[in-house]
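Containing PDB, C-alpha atoms (C1' of nucleotides): data.pdb.
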ATOM      1  CA  MET A1299      18.242  -4.571 -15.819  1.00  0.00           C
ATOM      2  CA  THR A1300      15.228  -3.119 -17.549  1.00  0.00           C
ATOM      3  CA  ALA A1301      15.185   0.656 -17.553  1.00  0.00           C
ATOM      4  CA  LEU A1302      12.293   2.195 -15.707  1.00  0.00           C
ATOM      5  CA  HIS A1303      10.958   4.091 -18.674  1.00  0.00           C
ATOM      6  CA  ASP A1304      10.791   0.843 -20.584  1.00  0.00           C
ATOM      7  CA  TRP A1305       8.393  -0.759 -18.149  1.00  0.00           C
ATOM      8  CA  THR A1306       5.757  -1.134 -20.771  1.00  0.00           C
ATOM      9  CA  LEU A1307       5.958  -4.866 -20.546  1.00  0.00           C
ATOM     10  CA  SER A1308       3.435  -7.408 -21.687  1.00  0.00           C
ATOM     11  CA  PRO A1309       1.807  -9.416 -18.910  1.00  0.00           C
ATOM     12  CA  ASN A1310       3.956 -12.431 -19.692  1.00  0.00           C
ATOM     13  CA  GLU A1311       7.139 -10.402 -19.644  1.00  0.00           C
ATOM     14  CA  ALA A1312       6.134  -8.822 -16.352  1.00  0.00           C
ATOM     15  CA  ILE A1313       5.484 -12.218 -14.791  1.00  0.00           C
ATOM     16  CA  ALA A1314       8.832 -13.498 -16.024  1.00  0.00           C
ATOM     17  CA  LEU A1315      10.540 -10.491 -14.482  1.00  0.00           C
ATOM     18  CA  GLN A1316       8.773 -11.099 -11.178  1.00  0.00           C
ATOM     19  CA  LYS A1317      10.031 -14.666 -11.083  1.00  0.00           C
ATOM     20  CA  GLU A1318      13.521 -13.388 -11.716  1.00  0.00           C
ATOM     21  CA  LEU A1319      13.358 -10.708  -9.035  1.00  0.00           C
ATOM     22  CA  ALA A1320      11.504 -12.544  -6.276  1.00  0.00           C
ATOM     23  CA  PRO A1321      14.529 -14.592  -5.154  1.00  0.00           C
ATOM     24  CA  ARG A1322      16.320 -11.345  -4.337  1.00  0.00           C
ATOM     25  CA  ILE A1323      13.770 -10.347  -1.741  1.00  0.00           C
ATOM     26  CA  GLU A1324      15.039 -10.677   1.815  1.00  0.00           C
ATOM     27  CA  THR A1325      12.786 -11.348   4.778  1.00  0.00           C
ATOM     28  CA  ARG A1326      15.651 -11.118   7.194  1.00  0.00           C
ATOM     29  CA  ASP A1327      15.825  -7.908   9.190  1.00  0.00           C
ATOM     30  CA  ARG A1328      18.302  -5.481   7.736  1.00  0.00           C
ATOM     31  CA  LEU A1329      17.093  -2.288   9.336  1.00  0.00           C
ATOM     32  CA  GLY A1330      19.475   0.028  11.059  1.00  0.00           C
ATOM     33  CA  GLU A1331      18.324   2.592  13.564  1.00  0.00           C
ATOM     34  CA  VAL A1332      14.978   3.937  12.406  1.00  0.00           C
ATOM     35  CA  LYS A1333      14.740   7.714  12.473  1.00  0.00           C
ATOM     36  CA  ARG A1334      12.638   8.403   9.421  1.00  0.00           C
ATOM     37  CA  ILE A1335       9.669   6.440   8.070  1.00  0.00           C
ATOM     38  CA  ALA A1336       8.058   7.055   4.699  1.00  0.00           C
ATOM     39  CA  GLY A1337       4.487   6.308   3.707  1.00  0.00           C
ATOM     40  CA  VAL A1338       3.550   5.793   0.051  1.00  0.00           C
ATOM     41  CA  ASP A1339       0.239   5.827  -1.724  1.00  0.00           C
ATOM     42  CA  ILE A1340      -0.637   5.842  -5.406  1.00  0.00           C
ATOM     43  CA  GLY A1341      -3.861   7.153  -6.830  1.00  0.00           C
ATOM     44  CA  PHE A1342      -5.307   7.917 -10.248  1.00  0.00           C
ATOM     45  CA  GLU A1343      -6.950  10.894 -11.893  1.00  0.00           C
ATOM     46  CA  ASP A1344      -8.555  11.685 -15.243  1.00  0.00           C
ATOM     47  CA  GLU A1345     -10.227   8.302 -15.449  1.00  0.00           C
ATOM     48  CA  GLY A1346      -6.896   6.604 -14.909  1.00  0.00           C
ATOM     49  CA  GLU A1347      -4.928   8.606 -17.462  1.00  0.00           C
ATOM     50  CA  THR A1348      -2.802  10.213 -14.762  1.00  0.00           C
ATOM     51  CA  THR A1349      -0.969   8.437 -11.951  1.00  0.00           C
ATOM     52  CA  ARG A1350      -0.442  10.346  -8.738  1.00  0.00           C
ATOM     53  CA  ALA A1351       2.196   9.249  -6.239  1.00  0.00           C
ATOM     54  CA  ALA A1352       2.198  10.671  -2.726  1.00  0.00           C
ATOM     55  CA  VAL A1353       5.077  10.189  -0.297  1.00  0.00           C
ATOM     56  CA  VAL A1354       5.132  11.452   3.256  1.00  0.00           C
ATOM     57  CA  LEU A1355       8.279  11.390   5.357  1.00  0.00           C
ATOM     58  CA  LEU A1356       7.742  11.198   9.100  1.00  0.00           C
ATOM     59  CA  ALA A1357      10.151  11.385  12.009  1.00  0.00           C
ATOM     60  CA  TRP A1358      10.386   8.521  14.473  1.00  0.00           C
ATOM     61  CA  PRO A1359       9.357   8.682  17.238  1.00  0.00           C
ATOM     62  CA  GLY A1360       6.993  11.596  17.273  1.00  0.00           C
ATOM     63  CA  LEU A1361       5.739  11.197  13.742  1.00  0.00           C
ATOM     64  CA  GLU A1362       6.219  14.842  12.854  1.00  0.00           C
ATOM     65  CA  THR A1363       6.033  15.607   9.152  1.00  0.00           C
ATOM     66  CA  LEU A1364       9.441  16.122   7.584  1.00  0.00           C
ATOM     67  CA  GLU A1365       8.476  16.211   3.912  1.00  0.00           C
ATOM     68  CA  GLU A1366       5.461  15.747   1.658  1.00  0.00           C
ATOM     69  CA  ILE A1367       5.752  15.007  -2.056  1.00  0.00           C
ATOM     70  CA  VAL A1368       3.028  14.651  -4.681  1.00  0.00           C
ATOM     71  CA  HIS A1369       4.164  13.614  -8.132  1.00  0.00           C
ATOM     72  CA  ARG A1370       2.020  13.168 -11.249  1.00  0.00           C
ATOM     73  CA  GLU A1371       2.795  11.509 -14.561  1.00  0.00           C
ATOM     74  CA  PRO A1372       0.981   9.699 -17.383  1.00  0.00           C
ATOM     75  CA  THR A1373      -0.197   6.205 -16.522  1.00  0.00           C
ATOM     76  CA  ARG A1374       1.684   3.562 -18.484  1.00  0.00           C
ATOM     77  CA  MET A1375       0.041   0.269 -17.611  1.00  0.00           C
ATOM     78  CA  PRO A1376      -3.492  -0.960 -16.902  1.00  0.00           C
ATOM     79  CA  TYR A1377      -4.394  -2.534 -13.585  1.00  0.00           C
ATOM     80  CA  ILE A1378      -3.948  -6.280 -13.664  1.00  0.00           C
ATOM     81  CA  PRO A1379      -4.213  -8.257 -10.420  1.00  0.00           C
ATOM     82  CA  GLY A1380      -0.745  -9.537  -9.591  1.00  0.00           C
ATOM     83  CA  LEU A1381       0.983  -6.936 -11.745  1.00  0.00           C
ATOM     84  CA  LEU A1382       0.141  -3.841  -9.738  1.00  0.00           C
ATOM     85  CA  SER A1383       3.744  -2.831  -9.199  1.00  0.00           C
ATOM     86  CA  PHE A1384       4.347  -2.242 -12.890  1.00  0.00           C
ATOM     87  CA  ARG A1385       1.537   0.275 -12.877  1.00  0.00           C
ATOM     88  CA  GLU A1386       2.464   2.087  -9.670  1.00  0.00           C
ATOM     89  CA  ILE A1387       6.209   1.912  -9.135  1.00  0.00           C
ATOM     90  CA  PRO A1388       7.454   4.286 -11.849  1.00  0.00           C
ATOM     91  CA  ALA A1389       5.532   7.187 -10.326  1.00  0.00           C
ATOM     92  CA  ALA A1390       6.501   6.153  -6.807  1.00  0.00           C
ATOM     93  CA  LEU A1391      10.190   6.154  -7.687  1.00  0.00           C
ATOM     94  CA  ASN A1392       9.969   9.610  -9.224  1.00  0.00           C
ATOM     95  CA  ALA A1393       8.303  10.876  -6.070  1.00  0.00           C
ATOM     96  CA  PHE A1394      11.063   9.346  -3.953  1.00  0.00           C
ATOM     97  CA  GLU A1395      13.701  11.076  -6.030  1.00  0.00           C
ATOM     98  CA  ARG A1396      12.308  14.374  -4.888  1.00  0.00           C
ATOM     99  CA  LEU A1397      12.864  13.606  -1.214  1.00  0.00           C
ATOM    100  CA  SER A1398      15.890  15.362   0.183  1.00  0.00           C
ATOM    101  CA  GLN A1399      16.311  12.757   2.929  1.00  0.00           C
ATOM    102  CA  ARG A1400      16.270   8.986   2.741  1.00  0.00           C
ATOM    103  CA  PRO A1401      13.860   7.068   4.956  1.00  0.00           C
ATOM    104  CA  ASP A1402      15.049   4.105   7.041  1.00  0.00           C
ATOM    105  CA  LEU A1403      11.781   2.257   6.557  1.00  0.00           C
ATOM    106  CA  VAL A1404       8.972   2.509   4.011  1.00  0.00           C
ATOM    107  CA  MET A1405       5.319   1.555   4.404  1.00  0.00           C
ATOM    108  CA  VAL A1406       3.460   0.858   1.184  1.00  0.00           C
ATOM    109  CA  ASP A1407      -0.227   0.618   0.383  1.00  0.00           C
ATOM    110  CA  GLY A1408      -0.468  -2.922  -1.018  1.00  0.00           C
ATOM    111  CA  GLN A1409       1.053  -6.370  -0.557  1.00  0.00           C
ATOM    112  CA  GLY A1410       4.664  -7.274   0.160  1.00  0.00           C
ATOM    113  CA  ILE A1411       5.476 -10.951  -0.314  1.00  0.00           C
ATOM    114  CA  ALA A1412       1.809 -11.874   0.113  1.00  0.00           C
ATOM    115  CA  HIS A1413       1.692 -12.250  -3.638  1.00  0.00           C
ATOM    116  CA  PRO A1414       1.399 -15.272  -5.982  1.00  0.00           C
ATOM    117  CA  ARG A1415       5.088 -14.930  -6.913  1.00  0.00           C
ATOM    118  CA  ARG A1416       6.170 -13.189  -3.685  1.00  0.00           C
ATOM    119  CA  LEU A1417       6.654  -9.856  -5.374  1.00  0.00           C
ATOM    120  CA  GLY A1418       3.887  -7.485  -4.414  1.00  0.00           C
ATOM    121  CA  VAL A1419       4.281  -3.747  -4.905  1.00  0.00           C
ATOM    122  CA  ALA A1420       5.944  -3.240  -1.507  1.00  0.00           C
ATOM    123  CA  SER A1421       8.567  -5.892  -2.233  1.00  0.00           C
ATOM    124  CA  HIS A1422       9.206  -4.618  -5.725  1.00  0.00           C
ATOM    125  CA  LEU A1423       9.602  -1.045  -4.510  1.00  0.00           C
ATOM    126  CA  GLY A1424      11.918  -2.111  -1.714  1.00  0.00           C
ATOM    127  CA  LEU A1425      14.123  -3.931  -4.166  1.00  0.00           C
ATOM    128  CA  TRP A1426      14.496  -0.870  -6.384  1.00  0.00           C
ATOM    129  CA  LEU A1427      15.009   1.541  -3.502  1.00  0.00           C
ATOM    130  CA  GLU A1428      17.211  -0.914  -1.635  1.00  0.00           C
ATOM    131  CA  LEU A1429      15.320  -0.044   1.522  1.00  0.00           C
ATOM    132  CA  PRO A1430      13.319  -2.015   4.100  1.00  0.00           C
ATOM    133  CA  THR A1431       9.635  -1.955   3.111  1.00  0.00           C
ATOM    134  CA  ILE A1432       6.386  -3.239   4.575  1.00  0.00           C
ATOM    135  CA  GLY A1433       3.179  -3.879   2.658  1.00  0.00           C
ATOM    136  CA  ILE A1434      -0.091  -2.877   4.288  1.00  0.00           C
ATOM    137  CA  ALA A1435      -3.110  -3.830   2.162  1.00  0.00           C
ATOM    138  CA  LYS A1436      -6.758  -3.228   2.826  1.00  0.00           C
ATOM    139  CA  SER A1437      -7.807  -6.492   1.202  1.00  0.00           C
ATOM    140  CA  ARG A1438      -6.455  -9.899   0.263  1.00  0.00           C
ATOM    141  CA  LEU A1439      -4.731 -10.824  -2.975  1.00  0.00           C
ATOM    142  CA  CYS A1440      -3.919 -14.456  -2.270  1.00  0.00           C
ATOM    143  CA  GLY A1441      -3.525 -16.866   0.621  1.00  0.00           C
ATOM    144  CA  ARG A1442      -5.925 -18.105   3.261  1.00  0.00           C
ATOM    145  CA  HIS A1443      -6.459 -17.364   6.919  1.00  0.00           C
ATOM    146  CA  GLY A1444      -8.622 -18.250   9.876  1.00  0.00           C
ATOM    147  CA  ASP A1445     -10.756 -15.993  12.005  1.00  0.00           C
ATOM    148  CA  VAL A1446      -9.130 -12.730  12.965  1.00  0.00           C
ATOM    149  CA  PRO A1447      -8.949 -11.991  16.714  1.00  0.00           C
ATOM    150  CA  GLU A1448     -11.116  -9.088  17.882  1.00  0.00           C
ATOM    151  CA  LYS A1449      -8.484  -7.486  20.038  1.00  0.00           C
ATOM    152  CA  CYS A1450      -6.551  -4.595  18.569  1.00  0.00           C
ATOM    153  CA  GLY A1451      -2.977  -5.621  17.767  1.00  0.00           C
ATOM    154  CA  ASP A1452      -3.765  -9.323  17.484  1.00  0.00           C
ATOM    155  CA  TRP A1453      -3.460 -11.203  14.234  1.00  0.00           C
ATOM    156  CA  THR A1454      -3.698 -14.523  12.454  1.00  0.00           C
ATOM    157  CA  PRO A1455      -1.260 -15.811   9.825  1.00  0.00           C
ATOM    158  CA  LEU A1456      -1.914 -15.579   6.104  1.00  0.00           C
ATOM    159  CA  THR A1457      -0.809 -18.777   4.364  1.00  0.00           C
ATOM    160  CA  HIS A1458      -0.140 -19.625   0.725  1.00  0.00           C
ATOM    161  CA  ARG A1459       1.299 -22.911  -0.527  1.00  0.00           C
ATOM    162  CA  LYS A1460       2.303 -24.022   2.980  1.00  0.00           C
ATOM    163  CA  GLU A1461       4.147 -20.778   3.548  1.00  0.00           C
ATOM    164  CA  ILE A1462       3.319 -17.986   5.973  1.00  0.00           C
ATOM    165  CA  ILE A1463       3.371 -14.916   3.784  1.00  0.00           C
ATOM    166  CA  GLY A1464       1.811 -12.321   6.042  1.00  0.00           C
ATOM    167  CA  ALA A1465      -0.547 -11.468   8.872  1.00  0.00           C
ATOM    168  CA  VAL A1466      -4.175 -10.450   8.966  1.00  0.00           C
ATOM    169  CA  LEU A1467      -4.028  -7.823  11.661  1.00  0.00           C
ATOM    170  CA  ARG A1468      -6.794  -6.279  13.694  1.00  0.00           C
ATOM    171  CA  SER A1469      -5.430  -2.758  13.675  1.00  0.00           C
ATOM    172  CA  ARG A1470      -8.602  -1.344  15.157  1.00  0.00           C
ATOM    173  CA  GLU A1471     -11.522  -2.983  16.909  1.00  0.00           C
ATOM    174  CA  LYS A1472     -14.722  -3.525  15.003  1.00  0.00           C
ATOM    175  CA  VAL A1473     -13.075  -2.559  11.741  1.00  0.00           C
ATOM    176  CA  LYS A1474     -12.006  -4.797   8.865  1.00  0.00           C
ATOM    177  CA  PRO A1475      -8.464  -6.081   9.443  1.00  0.00           C
ATOM    178  CA  VAL A1476      -5.446  -5.089   7.346  1.00  0.00           C
ATOM    179  CA  PHE A1477      -3.074  -7.462   5.541  1.00  0.00           C
ATOM    180  CA  VAL A1478       0.510  -6.945   6.613  1.00  0.00           C
ATOM    181  CA  SER A1479       3.412  -8.600   4.826  1.00  0.00           C
ATOM    182  CA  PRO A1480       7.170  -8.070   4.624  1.00  0.00           C
ATOM    183  CA  GLY A1481       8.265  -6.144   1.569  1.00  0.00           C
ATOM    184  CA  HIS A1482      12.054  -6.310   1.575  1.00  0.00           C
ATOM    185  CA  ARG A1483      14.855  -6.525   4.145  1.00  0.00           C
ATOM    186  CA  ILE A1484      12.428  -7.111   7.011  1.00  0.00           C
ATOM    187  CA  SER A1485      10.790 -10.077   8.737  1.00  0.00           C
ATOM    188  CA  LEU A1486       7.094 -10.612   9.333  1.00  0.00           C
ATOM    189  CA  ASP A1487       7.385 -10.157  13.085  1.00  0.00           C
ATOM    190  CA  THR A1488       9.261  -6.899  12.722  1.00  0.00           C
ATOM    191  CA  SER A1489       6.788  -5.731  10.088  1.00  0.00           C
ATOM    192  CA  ILE A1490       3.860  -6.320  12.408  1.00  0.00           C
ATOM    193  CA  ASP A1491       5.748  -4.642  15.226  1.00  0.00           C
ATOM    194  CA  TRP A1492       6.309  -1.451  13.246  1.00  0.00           C
ATOM    195  CA  VAL A1493       2.779  -1.317  11.909  1.00  0.00           C
ATOM    196  CA  VAL A1494       1.370  -1.633  15.421  1.00  0.00           C
ATOM    197  CA  LYS A1495       3.787   0.953  16.754  1.00  0.00           C
ATOM    198  CA  CYS A1496       2.603   3.414  14.112  1.00  0.00           C
ATOM    199  CA  LEU A1497      -1.105   2.972  14.789  1.00  0.00           C
ATOM    200  CA  ALA A1498      -2.847   6.007  16.244  1.00  0.00           C
ATOM    201  CA  GLY A1499      -6.254   4.621  17.051  1.00  0.00           C
ATOM    202  CA  THR A1500      -6.794   4.268  13.328  1.00  0.00           C
ATOM    203  CA  LYS A1501      -7.123   1.367  10.949  1.00  0.00           C
ATOM    204  CA  LEU A1502      -4.040   2.325   8.966  1.00  0.00           C
ATOM    205  CA  PRO A1503      -0.618   3.116  10.418  1.00  0.00           C
ATOM    206  CA  GLU A1504       0.288   6.813  10.297  1.00  0.00           C
ATOM    207  CA  PRO A1505       2.717   6.739   7.346  1.00  0.00           C
ATOM    208  CA  THR A1506       0.231   5.088   5.005  1.00  0.00           C
ATOM    209  CA  ARG A1507      -2.729   6.991   6.402  1.00  0.00           C
ATOM    210  CA  ARG A1508      -1.013  10.320   5.929  1.00  0.00           C
ATOM    211  CA  ALA A1509       0.050   9.495   2.396  1.00  0.00           C
ATOM    212  CA  ASP A1510      -3.559   8.555   1.636  1.00  0.00           C
ATOM    213  CA  ARG A1511      -4.815  11.814   3.027  1.00  0.00           C
ATOM    214  CA  LEU A1512      -2.256  13.855   1.147  1.00  0.00           C
ATOM    215  CA  ALA A1513      -3.034  12.049  -2.096  1.00  0.00           C
ATOM    216  CA  SER A1514      -6.800  12.155  -1.985  1.00  0.00           C
ATOM    217  CA  ARG A1515      -6.960  15.889  -1.505  1.00  0.00           C
ATOM    218  CA  ARG A1516      -8.668  17.712  -4.395  1.00  0.00           C
ATOM    219  CA  GLY A1517      -6.219  17.490  -7.217  1.00  0.00           C
ATOM    220  CA  LYS A1518      -5.800  20.885  -8.859  1.00  0.00           C
ATOM    221  CA  ALA A1519      -7.069  23.514  -6.462  1.00  0.00           C
ATOM    222  CA  PHE A1520      -5.523  22.357  -3.245  1.00  0.00           C
ATOM    223  CA  ALA A1521      -2.998  25.166  -3.211  1.00  0.00           C
ATOM    224  CA  HIS A1522      -5.821  27.463  -2.215  1.00  0.00           C
ATOM    225  CA  GLU A1523      -7.470  25.197   0.270  1.00  0.00           C
ATOM    226  CA  LYS A1524      -8.002  26.213   3.827  1.00  0.00           C
ATOM    227  CA  ARG A1525      -5.982  24.626   6.589  1.00  0.00           C
ATOM    228  CA  GLN A1526      -8.115  23.453   9.445  1.00  0.00           C
ATOM    229  CA  GLY A1527      -9.431  20.452  11.335  1.00  0.00           C
ATOM    230  CA  GLU A1528      -6.235  18.447  11.134  1.00  0.00           C
ATOM    231  CA  LEU A1529      -7.136  16.443  14.212  1.00  0.00           C
ATOM    232  CA  GLY A1530      -9.720  13.963  12.980  1.00  0.00           C
ATOM    233  CA  ILE A1531     -10.024  10.611  14.699  1.00  0.00           C
ATOM    234  CA  GLY A1532     -12.052   8.472  12.331  1.00  0.00           C
ATOM    235  CA  ASP A1533     -10.845   6.684   9.284  1.00  0.00           C
TER     236      ASP A1533
ATOM    237  C1'  DG B 522     -12.392 -26.027 -16.608  1.00  0.00           C
ATOM    238  C1'  DC B 523     -14.186 -22.609 -12.945  1.00  0.00           C
ATOM    239  C1'  DG B 524     -13.525 -18.897  -9.654  1.00  0.00           C
ATOM    240  C1'  DA B 525     -10.460 -15.263  -7.455  1.00  0.00           C
ATOM    241  C1'  DC B 526      -8.290 -11.193  -8.175  1.00  0.00           C
ATOM    242  C1'  DA B 527      -3.717  -5.606  -3.991  1.00  0.00           C
ATOM    243  C1'  DG B 528      -4.868  -0.599  -6.237  1.00  0.00           C
TER     244       DG B 528
ATOM    245  C1'  DA C 741      -8.366   3.089  -7.763  1.00  0.00           C
ATOM    246  C1'  DT C 742     -12.640   6.330  -8.693  1.00  0.00           C
ATOM    247  C1'  DC C 743     -17.640   8.397  -8.892  1.00  0.00           C
ATOM    248  C1'  DT C 744     -20.064  10.679  -3.974  1.00  0.00           C
ATOM    249  C1'  DT C 745     -23.845  13.080   1.214  1.00  0.00           C
ATOM    250  C1'  DG C 746     -25.551  12.100   4.695  1.00  0.00           C
ATOM    251  C1'  DT C 747     -26.004   9.034   8.274  1.00  0.00           C
ATOM    252  C1'  DC C 748     -25.938   5.182  11.733  1.00  0.00           C
ATOM    253  C1'  DG C 749     -23.247   3.502  15.628  1.00  0.00           C
ATOM    254  C1'  DC C 750     -19.599   3.240  19.173  1.00  0.00           C
TER     255       DC C 750
END

Would it be possible to restate this file's structure as structure tokens?
Amino acid sequence: MTALHDWTLSPNEAIALQKELAPRIETRDRLGEVKRIAGVDIGFEDEGETTRAAVVLLAWPGLETLEEIVHREPTRMPYIPGLLSFREIPAALNAFERLSQRPDLVMVDGQGIAHPRRLGVASHLGLWLELPTIGIAKSRLCGRHGDVPEKCGDWTPLTHRKEIIGAVLRSREKVKPVFVSPGHRISLDTSIDWVVKCLAGTKLPEPTRRADRLASRRGKAFAHEKRQGELGIGD
DNA sequence: GCGACAG
DNA sequence: ATCTTGTCGC
């Protein structure tokens, strides 16, 4: 298996690797009792030169914060639609290595199997971590879908090549829906169930939302930032 | 051949 | 993704 630090693959090599790995993805539930849920989000700084991975570990139920990790490293690949995981996963894995506890479920910002070759960033990460993962994306990569119900919690299937690859979920009324798809070791129904259970009146489920918030905080000088107003409602 | 295209 | 303040609406 390719070493992580060697993931400087050409687009064609990356696509070949995806085709090789995709068959290993499981969409059958293999979750045990869920006590800890992690949220992951990757961002970029210095005009893309630096990749920043944020991981938040939350307790279930209750969603108290157990751990927060922010890891930075040089970016190694450009953004290419369909090959996002090769750009984001190295940093994400290094952030995960710093966690002292293992999550039972991971929510990732991006697609799971709702990908041209069924290997979106959530699936790819789940395969490497050997953990159940769910992809929650803010926009569509591939597939088609009908009108999305207006009621919070309702959804419509996302289809690609005659296959249901995900759900377009109305996570909050009057707000653009999110694209939920199984990453690894989890089914679509269970994925939707967990995403809905982690919603707190917001568009994004808590794990992903908290990772976003942690990541987008002013890069360098956040050690001196004030702590206040943690109870916002909007998104 | 012509669009579409997660973050 | 990121650059960025205030502002309209529920």

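Going from atom CA of Gly1330 of chain A over to atom CA of Glu1504 of chain A, you cover 20.4 Å.
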
For the structure shown, which residues end up in the PyMOL selection byres ((chain B) within 10 of (chain A))? Put them as a ChimeraX atom specification, please? /B:525-528

Excluding same-chain residues fewer than 3 positions from Gly1424 of chain A, what lies within 12 Å of it counting all atoms listed in the file, as a ChimeraX atom specification? /A:1319-1320,1322-1325,1328,1336,1338,1383,1387,1390-1391,1394,1401-1406,1409-1411,1417-1421,1427-1433,1480-1484

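Between atom CA of Thr1500 of chain A and atom CA of Pro1447 of chain A the separation is 16.7 Å.
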
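The part of chain C that reaches within 12 Å of chain A is made up of DA741, DT742, DC743, DG749 and DC750 of chain C, counting only C-alpha atoms (C1' of nucleotides).
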
Could you list, as a PDB file with C-alpha atoms, keeping the file's coordinate frame, every residue within 9 Å of Glu1347 of chain A, counting all atoms listed in the file and ignoring same-chain residues fewer than 6 positions away?
ATOM      1  CA  GLU A1371       2.795  11.509 -14.561  1.00  0.00           C
ATOM      2  CA  PRO A1372       0.981   9.699 -17.383  1.00  0.00           C
ATOM      3  CA  THR A1373      -0.197   6.205 -16.522  1.00  0.00           C
ATOM      4  CA  ARG A1374       1.684   3.562 -18.484  1.00  0.00           C
TER       5      ARG A1374
END

Quick one: residues within 10 Å of Pro1321 of chain A, only C-alpha atoms (C1' of nucleotides) counted, chain neighbours fewer than 5 positions away excluded, as a short mmCIF file (atom, residue, chain, number, x, y, z; two decimals) with C-alpha atoms, keeping the file's coordinate frame?
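New file around-v3.cif:
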data_model
loop_
_atom_site.label_atom_id
_atom_site.label_comp_id
_atom_site.auth_asym_id
_atom_site.auth_seq_id
_atom_site.Cartn_x
_atom_site.Cartn_y
_atom_site.Cartn_z
CA GLN A 1316 8.77 -11.10 -11.18
CA ARG A 1415 5.09 -14.93 -6.91
CA ARG A 1416 6.17 -13.19 -3.68
CA LEU A 1417 6.65 -9.86 -5.37
#

With all atoms listed in the file counted, which protein, DNA or RNA residues have an atom no more than 8 Å from (-4.1, -13.3, 6.5) in the file frame? Please answer as a compact mmCIF listing (two decimals) with C-alpha atoms, in the coordinates of the input.
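Saved file result02.txt follows:
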# COMPACT_ATOMS: atom_id res chain seq x y z
CA ARG A 1438 -6.46 -9.90 0.26
CA GLY A 1441 -3.52 -16.87 0.62
CA ARG A 1442 -5.92 -18.10 3.26
CA HIS A 1443 -6.46 -17.36 6.92
CA GLY A 1444 -8.62 -18.25 9.88
CA THR A 1454 -3.70 -14.52 12.45
CA PRO A 1455 -1.26 -15.81 9.82
CA LEU A 1456 -1.91 -15.58 6.10
CA THR A 1457 -0.81 -18.78 4.36
CA GLY A 1464 1.81 -12.32 6.04
CA ALA A 1465 -0.55 -11.47 8.87
CA VAL A 1466 -4.18 -10.45 8.97
CA LEU A 1467 -4.03 -7.82 11.66
CA PHE A 1477 -3.07 -7.46 5.54
CA VAL A 1478 0.51 -6.94 6.61

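Straight-line separation from atom CA of Val1332 of chain A to atom CA of Ser1398 of chain A: 16.8 Å.
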
Could you add whatever atoms are missing so that segment 1326-1336 of chain A carries N, CA, C and O atoms, then write the result as a PDB file, in the frame of the given file?
ATOM      1  N   ARG A1326      14.802 -11.116   6.012  1.00  0.00           N
ATOM      2  CA  ARG A1326      15.651 -11.118   7.194  1.00  0.00           C
ATOM      3  C   ARG A1326      15.805  -9.648   7.542  1.00  0.00           C
ATOM      4  O   ARG A1326      15.951  -8.804   6.640  1.00  0.00           O
ATOM      5  N   ASP A1327      15.741  -9.318   8.817  1.00  0.00           N
ATOM      6  CA  ASP A1327      15.825  -7.908   9.190  1.00  0.00           C
ATOM      7  C   ASP A1327      17.164  -7.289   8.824  1.00  0.00           C
ATOM      8  O   ASP A1327      18.215  -7.786   9.204  1.00  0.00           O
ATOM      9  N   ARG A1328      17.081  -6.207   8.091  1.00  0.00           N
ATOM     10  CA  ARG A1328      18.302  -5.481   7.736  1.00  0.00           C
ATOM     11  C   ARG A1328      18.073  -4.000   7.957  1.00  0.00           C
ATOM     12  O   ARG A1328      18.506  -3.160   7.174  1.00  0.00           O
ATOM     13  N   LEU A1329      17.367  -3.687   9.027  1.00  0.00           N
ATOM     14  CA  LEU A1329      17.093  -2.288   9.336  1.00  0.00           C
ATOM     15  C   LEU A1329      18.166  -1.803  10.284  1.00  0.00           C
ATOM     16  O   LEU A1329      18.622  -2.544  11.147  1.00  0.00           O
ATOM     17  N   GLY A1330      18.535  -0.558  10.118  1.00  0.00           N
ATOM     18  CA  GLY A1330      19.475   0.028  11.059  1.00  0.00           C
ATOM     19  C   GLY A1330      18.622   0.751  12.066  1.00  0.00           C
ATOM     20  O   GLY A1330      17.475   0.365  12.288  1.00  0.00           O
ATOM     21  N   GLU A1331      19.132   1.807  12.630  1.00  0.00           N
ATOM     22  CA  GLU A1331      18.324   2.592  13.564  1.00  0.00           C
ATOM     23  C   GLU A1331      17.283   3.328  12.729  1.00  0.00           C
ATOM     24  O   GLU A1331      17.620   3.942  11.712  1.00  0.00           O
ATOM     25  N   VAL A1332      16.047   3.263  13.151  1.00  0.00           N
ATOM     26  CA  VAL A1332      14.978   3.937  12.406  1.00  0.00           C
ATOM     27  C   VAL A1332      14.724   5.340  12.938  1.00  0.00           C
ATOM     28  O   VAL A1332      14.311   5.513  14.081  1.00  0.00           O
ATOM     29  N   LYS A1333      14.968   6.315  12.085  1.00  0.00           N
ATOM     30  CA  LYS A1333      14.740   7.714  12.473  1.00  0.00           C
ATOM     31  C   LYS A1333      13.709   8.373  11.568  1.00  0.00           C
ATOM     32  O   LYS A1333      13.070   9.337  11.928  1.00  0.00           O
ATOM     33  N   ARG A1334      13.594   7.824  10.370  1.00  0.00           N
ATOM     34  CA  ARG A1334      12.638   8.403   9.421  1.00  0.00           C
ATOM     35  C   ARG A1334      11.851   7.280   8.744  1.00  0.00           C
ATOM     36  O   ARG A1334      12.428   6.294   8.264  1.00  0.00           O
ATOM     37  N   ILE A1335      10.536   7.426   8.706  1.00  0.00           N
ATOM     38  CA  ILE A1335       9.669   6.440   8.070  1.00  0.00           C
ATOM     39  C   ILE A1335       8.867   7.126   6.976  1.00  0.00           C
ATOM     40  O   ILE A1335       8.318   8.207   7.176  1.00  0.00           O
ATOM     41  N   ALA A1336       8.819   6.478   5.810  1.00  0.00           N
ATOM     42  CA  ALA A1336       8.058   7.055   4.699  1.00  0.00           C
ATOM     43  C   ALA A1336       6.774   6.264   4.463  1.00  0.00           C
ATOM     44  O   ALA A1336       6.729   5.051   4.690  1.00  0.00           O
TER      45      ALA A1336
END
